[in-house]
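Student: Next comes the structure file my_file.cif, holding mmCIF, C-alpha atoms and all ligand atoms.
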data_protein
#
loop_
_atom_site.label_atom_id
_atom_site.label_comp_id
_atom_site.auth_asym_id
_atom_site.auth_seq_id
_atom_site.Cartn_x
_atom_site.Cartn_y
_atom_site.Cartn_z
CA MET T 546 -72.41 56.47 5.60
CA THR T 547 -70.36 53.76 3.93
CA ILE T 548 -72.34 50.54 3.51
CA ILE T 549 -69.93 48.63 1.25
CA GLU T 550 -66.18 48.97 1.65
CA VAL T 551 -63.95 47.02 -0.72
CA ARG T 552 -60.19 47.01 -0.22
CA ASP T 553 -57.44 45.54 -2.40
CA LEU T 554 -59.74 42.91 -3.84
CA VAL T 555 -57.99 40.34 -6.01
CA CYS T 556 -60.21 38.00 -8.05
CA ARG T 557 -58.85 35.02 -9.93
CA TYR T 558 -60.18 32.06 -11.83
CA GLY T 559 -57.46 29.45 -11.42
CA THR T 560 -54.24 31.26 -12.19
CA ARG T 561 -55.94 33.91 -14.31
CA THR T 562 -56.30 37.26 -12.53
CA ILE T 563 -59.43 39.20 -13.48
CA LEU T 564 -59.36 41.98 -10.86
CA ASP T 565 -56.07 42.92 -9.29
CA GLY T 566 -56.37 45.17 -6.26
CA VAL T 567 -59.78 46.84 -6.48
CA SER T 568 -60.82 49.32 -3.75
CA PHE T 569 -63.94 51.47 -3.48
CA ASP T 570 -66.67 52.63 -1.08
CA ILE T 571 -70.41 52.67 -1.67
CA HIS T 572 -72.56 55.00 0.43
CA GLN T 573 -75.94 54.08 1.84
CA GLY T 574 -78.84 55.26 -0.33
CA ASP T 575 -76.75 55.71 -3.46
CA VAL T 576 -77.41 54.12 -6.82
CA VAL T 577 -74.04 52.94 -8.07
CA THR T 578 -73.48 51.42 -11.49
CA ILE T 579 -70.65 49.07 -12.36
CA LEU T 580 -69.78 49.39 -16.00
CA GLY T 581 -67.12 48.56 -18.51
CA GLY T 582 -66.51 46.60 -21.70
CA SER T 583 -67.33 42.94 -22.17
CA GLY T 584 -65.14 40.63 -20.12
CA CYS T 585 -63.70 43.33 -17.83
CA GLY T 586 -65.00 41.57 -14.72
CA LYS T 587 -68.32 43.24 -13.86
CA SER T 588 -70.15 39.99 -13.12
CA THR T 589 -67.08 38.64 -11.35
CA LEU T 590 -67.04 41.66 -9.04
CA LEU T 591 -70.78 41.32 -8.40
CA LYS T 592 -70.41 37.64 -7.52
CA HIS T 593 -67.75 38.55 -4.97
CA LEU T 594 -69.90 41.31 -3.48
CA ILE T 595 -72.81 38.91 -2.92
CA GLY T 596 -70.61 36.16 -1.51
CA LEU T 597 -70.95 33.66 -4.36
CA ILE T 598 -67.18 33.58 -4.84
CA GLU T 599 -64.43 34.10 -2.29
CA PRO T 600 -61.67 36.45 -3.44
CA ALA T 601 -58.03 35.41 -3.74
CA SER T 602 -57.29 38.24 -1.30
CA GLY T 603 -58.65 41.54 -0.06
CA SER T 604 -61.60 42.52 2.06
CA ILE T 605 -65.28 43.30 1.56
CA HIS T 606 -67.12 44.95 4.44
CA ILE T 607 -70.90 45.06 4.16
CA GLY T 608 -72.70 47.04 6.84
CA GLY T 609 -69.49 47.01 8.87
CA ASP T 610 -69.03 43.21 8.83
CA GLU T 611 -66.20 41.47 6.99
CA PHE T 612 -67.69 39.19 4.35
CA VAL T 613 -64.45 37.52 3.25
CA GLY T 614 -63.95 34.38 5.28
CA ALA T 615 -67.00 35.14 7.46
CA GLN T 616 -68.28 32.31 9.64
CA SER T 617 -71.81 31.14 9.18
CA ASP T 618 -73.62 33.46 11.63
CA THR T 619 -71.86 36.60 10.34
CA ARG T 620 -72.38 35.40 6.79
CA GLN T 621 -76.12 34.92 7.39
CA ARG T 622 -76.34 38.39 8.95
CA ILE T 623 -74.66 39.91 5.90
CA LEU T 624 -76.80 37.92 3.47
CA ARG T 625 -79.92 39.30 5.19
CA ARG T 626 -78.73 42.80 4.28
CA ILE T 627 -78.62 42.08 0.57
CA GLY T 628 -81.08 41.21 -2.16
CA VAL T 629 -80.11 40.10 -5.63
CA MET T 630 -81.84 40.20 -8.97
CA TYR T 631 -80.07 38.11 -11.57
CA GLN T 632 -80.08 38.92 -15.24
CA SER T 633 -82.72 36.36 -16.10
CA GLY T 634 -85.04 37.53 -13.32
CA ALA T 635 -85.44 33.85 -12.47
CA LEU T 636 -89.03 33.87 -11.23
CA PHE T 637 -90.50 30.44 -10.64
CA GLY T 638 -92.84 29.81 -13.55
CA SER T 639 -95.09 27.40 -11.68
CA MET T 640 -95.88 29.94 -8.94
CA SER T 641 -98.03 33.06 -9.08
CA VAL T 642 -96.36 36.44 -8.86
CA LEU T 643 -97.58 36.76 -5.26
CA ASP T 644 -96.19 33.35 -4.32
CA ASN T 645 -92.85 34.23 -5.92
CA VAL T 646 -92.61 37.29 -3.67
CA ARG T 647 -93.84 35.28 -0.65
CA LEU T 648 -91.19 32.61 -1.12
CA PRO T 649 -88.26 34.30 0.68
CA LEU T 650 -90.62 35.36 3.47
CA ASP T 651 -92.06 31.84 3.82
CA THR T 652 -88.55 30.43 3.92
CA PHE T 653 -86.73 32.90 6.16
CA SER T 654 -89.02 35.31 8.02
CA GLY T 655 -90.85 33.06 10.50
CA LEU T 656 -93.89 35.37 10.20
CA SER T 657 -97.49 34.21 10.07
CA PRO T 658 -99.01 33.49 6.63
CA ASP T 659 -101.26 36.56 6.95
CA ALA T 660 -98.35 38.86 7.75
CA ILE T 661 -96.37 37.36 4.88
CA GLU T 662 -99.21 37.96 2.44
CA LEU T 663 -99.52 41.55 3.61
CA ILE T 664 -95.81 42.24 3.15
CA ALA T 665 -95.69 40.50 -0.24
CA ARG T 666 -98.62 42.58 -1.48
CA LEU T 667 -96.95 45.72 -0.16
CA LYS T 668 -93.80 44.92 -2.12
CA LEU T 669 -95.85 44.32 -5.25
CA ARG T 670 -97.50 47.70 -4.73
CA LEU T 671 -94.07 49.35 -4.47
CA VAL T 672 -93.22 48.09 -7.95
CA GLY T 673 -96.67 48.85 -9.39
CA LEU T 674 -97.83 45.23 -9.69
CA GLU T 675 -100.50 45.05 -6.99
CA ASP T 676 -103.16 44.17 -9.57
CA PHE T 677 -101.10 41.34 -11.07
CA ALA T 678 -100.45 39.30 -7.94
CA ASP T 679 -102.40 36.25 -9.08
CA LEU T 680 -100.90 36.00 -12.55
CA TYR T 681 -98.08 33.63 -13.48
CA PRO T 682 -94.73 34.99 -14.68
CA ALA T 683 -95.39 33.87 -18.27
CA GLU T 684 -98.49 36.09 -18.29
CA LEU T 685 -96.41 39.20 -17.58
CA SER T 686 -94.41 41.34 -19.99
CA GLY T 687 -90.62 41.33 -19.74
CA GLY T 688 -90.59 44.63 -17.86
CA MET T 689 -93.24 43.40 -15.42
CA GLN T 690 -91.25 40.23 -14.79
CA LYS T 691 -88.26 42.38 -13.87
CA ARG T 692 -90.44 44.42 -11.51
CA ALA T 693 -91.75 41.24 -9.89
CA ALA T 694 -88.18 39.99 -9.50
CA ILE T 695 -87.26 43.27 -7.81
CA ALA T 696 -90.26 42.91 -5.48
CA ARG T 697 -89.07 39.42 -4.57
CA ALA T 698 -85.49 40.61 -4.03
CA MET T 699 -86.93 43.28 -1.69
CA ALA T 700 -89.14 40.87 0.25
CA LEU T 701 -86.84 40.55 3.24
CA GLU T 702 -86.17 44.31 3.31
CA PRO T 703 -82.52 44.27 2.33
CA GLN T 704 -80.47 47.43 2.74
CA ILE T 705 -78.71 46.79 -0.56
CA LEU T 706 -80.11 45.50 -3.84
CA PHE T 707 -77.74 44.10 -6.44
CA LEU T 708 -79.10 44.05 -9.98
CA ASP T 709 -77.29 42.26 -12.79
CA GLU T 710 -78.07 43.87 -16.16
CA PRO T 711 -81.69 44.73 -15.28
CA SER T 712 -82.36 46.23 -18.72
CA ALA T 713 -81.21 43.15 -20.63
CA GLY T 714 -83.82 42.14 -23.17
CA LEU T 715 -86.04 45.18 -22.58
CA ASP T 716 -87.03 47.79 -25.14
CA PRO T 717 -85.87 51.38 -24.43
CA VAL T 718 -89.25 52.58 -23.12
CA THR T 719 -89.65 49.64 -20.73
CA SER T 720 -86.04 50.01 -19.69
CA ALA T 721 -86.59 53.70 -18.89
CA GLY T 722 -89.61 52.71 -16.76
CA LEU T 723 -87.43 50.29 -14.81
CA ASP T 724 -84.81 53.01 -14.36
CA ALA T 725 -87.47 55.31 -12.93
CA LEU T 726 -88.55 52.56 -10.53
CA ILE T 727 -84.98 52.04 -9.32
CA ARG T 728 -84.55 55.78 -8.66
CA ARG T 729 -87.91 55.97 -6.91
CA LEU T 730 -87.10 53.00 -4.66
CA ALA T 731 -83.68 54.43 -3.81
CA GLU T 732 -85.23 57.74 -2.86
CA SER T 733 -88.41 56.54 -1.12
CA GLN T 734 -86.99 53.45 0.62
CA GLY T 735 -83.45 54.73 1.19
CA MET T 736 -82.16 51.53 -0.39
CA THR T 737 -78.70 51.24 -1.87
CA PHE T 738 -78.56 49.89 -5.42
CA VAL T 739 -75.54 48.34 -7.07
CA VAL T 740 -76.36 47.85 -10.72
CA VAL T 741 -74.22 46.12 -13.33
CA THR T 742 -75.13 47.60 -16.65
CA HIS T 743 -73.64 48.68 -19.94
CA GLU T 744 -76.72 50.63 -21.04
CA LEU T 745 -75.65 54.23 -21.37
CA ALA T 746 -79.18 55.60 -20.95
CA SER T 747 -79.62 53.63 -17.72
CA ILE T 748 -76.30 54.79 -16.35
CA GLN T 749 -77.25 58.39 -17.00
CA ASN T 750 -80.78 57.93 -15.65
CA ILE T 751 -80.00 56.17 -12.40
CA ALA T 752 -76.39 56.50 -11.29
CA ASP T 753 -75.33 58.79 -8.49
CA TYR T 754 -71.94 57.31 -9.03
CA ALA T 755 -70.32 54.93 -11.48
CA ILE T 756 -67.41 52.54 -11.14
CA MET T 757 -65.81 51.72 -14.47
CA LEU T 758 -63.71 48.60 -14.85
CA ASP T 759 -61.31 47.91 -17.68
CA ARG T 760 -59.34 44.85 -18.70
CA SER T 761 -56.23 46.94 -19.43
CA VAL T 762 -55.82 47.71 -15.72
CA GLN T 763 -57.46 44.54 -14.35
CA GLY T 764 -59.62 46.75 -12.21
CA ILE T 765 -61.03 50.23 -11.84
CA ILE T 766 -60.07 52.67 -14.57
CA ALA T 767 -62.31 55.52 -13.36
CA THR T 768 -64.96 56.45 -10.81
CA GLY T 769 -67.27 59.43 -10.67
CA THR T 770 -70.65 60.74 -11.72
CA PRO T 771 -71.77 59.79 -15.24
CA ALA T 772 -71.05 63.36 -16.36
CA GLU T 773 -67.54 63.19 -14.92
CA LEU T 774 -66.84 59.91 -16.69
CA ALA T 775 -68.22 61.16 -20.01
CA GLY T 776 -65.76 64.08 -19.83
CA HIS T 777 -62.88 61.98 -18.48
CA PRO T 778 -59.43 62.68 -19.99
CA ASP T 779 -58.71 58.96 -20.53
CA PRO T 780 -60.10 58.11 -23.99
CA ILE T 781 -60.98 54.57 -22.87
CA VAL T 782 -63.36 56.09 -20.32
CA SER T 783 -64.89 58.89 -22.38
CA GLY T 784 -64.87 56.63 -25.45
CA PHE T 785 -67.11 54.14 -23.67
CA PHE T 786 -69.73 56.88 -23.35
CA LEU T 787 -69.26 58.22 -26.88
CA ARG T 788 -69.31 54.77 -28.46
CA LYS T 789 -72.45 53.87 -26.58
CA ALA T 790 -74.07 57.18 -27.43
CA GLU T 791 -73.67 56.35 -31.13
CA ASP T 792 -75.41 52.97 -30.78
N1 LIG W 1 -66.31 30.76 -13.85
C1 LIG W 1 -65.32 31.24 -14.60
N2 LIG W 1 -64.19 30.52 -14.81
C2 LIG W 1 -63.17 31.03 -15.53
N3 LIG W 1 -63.18 32.23 -16.13
C3 LIG W 1 -64.27 32.98 -15.97
C4 LIG W 1 -65.40 32.53 -15.20
N4 LIG W 1 -66.34 33.52 -15.21
C5 LIG W 1 -65.83 34.51 -15.95
N5 LIG W 1 -64.60 34.20 -16.40
C6 LIG W 1 -63.72 35.07 -17.21
O1 LIG W 1 -63.46 36.24 -16.47
C7 LIG W 1 -63.47 37.39 -17.32
C8 LIG W 1 -64.46 38.39 -16.76
O2 LIG W 1 -65.77 37.85 -16.90
P1 LIG W 1 -67.06 38.60 -16.37
O3 LIG W 1 -68.24 37.75 -16.73
O4 LIG W 1 -66.87 38.99 -14.96
O5 LIG W 1 -67.03 39.92 -17.28
P2 LIG W 1 -68.17 40.99 -17.55
O6 LIG W 1 -67.51 42.31 -17.48
O7 LIG W 1 -69.33 40.75 -16.65
O8 LIG W 1 -68.55 40.66 -19.05
P3 LIG W 1 -69.92 40.80 -19.88
O9 LIG W 1 -70.23 42.28 -19.97
O10 LIG W 1 -69.59 40.23 -21.21
O11 LIG W 1 -70.96 40.03 -19.12
C9 LIG W 1 -63.81 36.90 -18.71
O12 LIG W 1 -62.62 36.80 -19.44
C10 LIG W 1 -64.42 35.54 -18.48
O13 LIG W 1 -64.12 34.68 -19.54
#
Show this structure as structure tokens.

Tutor:
Amino acid sequence: MTIIEVRDLVCRYGTRTILDGVSFDIHQGDVVTILGGSGCGKSTLLKHLIGLIEPASGSIHIGGDEFVGAQSDTRQRILRRIGVMYQSGALFGSMSVLDNVRLPLDTFSGLSPDAIELIARLKLRLVGLEDFADLYPAELSGGMQKRAAIARAMALEPQILFLDEPSAGLDPVTSAGLDALIRRLAESQGMTFVVVTHELASIQNIADYAIMLDRSVQGIIATGTPAELAGHPDPIVSGFFLRKAED
């Protein structure tokens, strides 16, 4: 089932066009990576998909609802379907890990404090942090902070989680652990993941499907499984994989 449908998306900053007519579908339960060289528009695309920026033209359907130009009630309904983890993780340093995960529930769920605590602890268990609930973010390792941020992004049970460069700043072993968590959550929770990353190992570990952007075409240069892209006839596409593999 298609959960995200993007059609003829045009993204501009002022008069400068970054993405010129991008179309793709993302299926429910898939882990999809958005990749491409620096400055090709990965973050720009992500910001459009989560409603931070309105496109110059085109349409974005999320769960069947049109996001572009949506009025406030439709917009709220769509926003409830998505969770976002930004590159920095952005946990609140003055709050415990548990309180960080509680925050979206306290703000939006209308549930009782006991129910909220139960759900927050459940989310922490899903990411393997149940024993660290009372610690503060600064007391966690980088990988644990990312896990806590994922737990918080999952608090309101979104259907889709958007992750912006989740491996940034992590060592390869920690990064592989995070990849395993993403795959496990996709499979056990049926969640859809859209992950912006340029880490080749992550792409190969997690992606059912990859969307590669390139500046030369102001949009999508190739889509497919990681193996398909690595063997793609266009040298820009296969070269991305070879170059990264040599890093
Ligand atoms: N707010 C903005 N105003 C104007 N130009 C911007 C803005 N944000 C990004 N850009 C430009 O848009 C282009 C695409 O940027 P974007 O951050 O989407 O690329 P990216 O693929 O995510 O890059 P990276 O991998 O380096 O993070 C870049 O040339 C960038 O300078």

Student: Considering all atoms listed in the file, state which residue in the set T:Ala731, T:Val642, T:Ala775, T:Ala660 is at the smallest distance from Ala694 in chain T.

Tutor: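 Among T:Ala731, T:Val642, T:Ala775, T:Ala660, it is T:Val642 that comes nearest to Ala694 in chain T.
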
Student: Considering only C-alpha atoms, can you say which of T:Gln616, T:Gln632, T:Thr652, T:Thr578 comes closest to Gly769 in chain T?

Tutor: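 Closest residue, counting only C-alpha atoms: T:Thr578.
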
Student: Select from chain T every residue with an atom at most 10 Å from any atom of ligand LIG 1 (chain W), then for each give the shortest pair of atoms and their distance in Å to one decimal, using only C-alpha atoms and all ligand atoms, rows by chain and rising number, as CSV.

Tutor:
residue,atom,partner,partner_atom,distance
T:Cys556,CA,W:LIG1,O1,9.2
T:Arg557,CA,W:LIG1,N3,8.1
T:Tyr558,CA,W:LIG1,C2,4.9
T:Gly559,CA,W:LIG1,C2,7.2
T:Thr560,CA,W:LIG1,C2,9.5
T:Arg561,CA,W:LIG1,N3,7.7
T:Thr562,CA,W:LIG1,O1,8.2
T:Ile563,CA,W:LIG1,O1,5.8
T:Leu564,CA,W:LIG1,C8,8.6
T:Ile579,CA,W:LIG1,O6,9.0
T:Leu580,CA,W:LIG1,O6,7.6
T:Gly581,CA,W:LIG1,O6,6.3
T:Gly582,CA,W:LIG1,O9,6.0
T:Ser583,CA,W:LIG1,O10,3.7
T:Gly584,CA,W:LIG1,O5,3.5
T:Cys585,CA,W:LIG1,O6,4.0
T:Gly586,CA,W:LIG1,O4,3.2
T:Lys587,CA,W:LIG1,O6,3.8
T:Ser588,CA,W:LIG1,O7,3.7
T:Thr589,CA,W:LIG1,O4,3.6
T:Leu590,CA,W:LIG1,O4,6.5
T:Leu591,CA,W:LIG1,O4,8.0
T:Lys592,CA,W:LIG1,O4,8.3
T:Ile598,CA,W:LIG1,N1,9.5
T:Gln632,CA,W:LIG1,O11,10.0
T:Asp709,CA,W:LIG1,O7,9.0
T:Glu710,CA,W:LIG1,O11,8.6
T:Val741,CA,W:LIG1,O7,8.0
T:Thr742,CA,W:LIG1,O9,8.0
T:His743,CA,W:LIG1,O9,7.3
T:Leu758,CA,W:LIG1,O6,7.8
T:Asp759,CA,W:LIG1,O6,8.4
T:Arg760,CA,W:LIG1,C8,8.5
T:Gln763,CA,W:LIG1,C8,9.6

Student: Could you jot down the CA of Ala696 in chain T to CA of Val629 in chain T separation for me, Å, one decimal place?

Tutor: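 Between CA of Ala696 in chain T and CA of Val629 in chain T the gap is 10.5 Å.
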
Student: Which residue, T:Leu643, T:Tyr681, T:Ile765, T:Ile705, has the smallest gap to Leu594 in chain T when you use only C-alpha atoms?

Tutor: T:Ile705

Student: How many Å lie between CA of Ala601 in chain T and CA of Gly614 in chain T, rounded to one decimal?

Tutor: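 Interatomic distance here is 10.8 Å.
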
Student: Counting all atoms listed in the file, figure out which residue out of T:Arg625, T:Gly655, T:Asp553, T:Ala683 gets nearest to Ile605 in chain T.

Tutor: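 Result for the nearest residue to Ile605 in chain T: T:Asp553.
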
Student: Have a look at CA of Leu787 in chain T and CA of Ala755 in chain T and let me know their distance in Å, one decimal.

Tutor: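 Computing it gives 15.8 Å between the two atoms.
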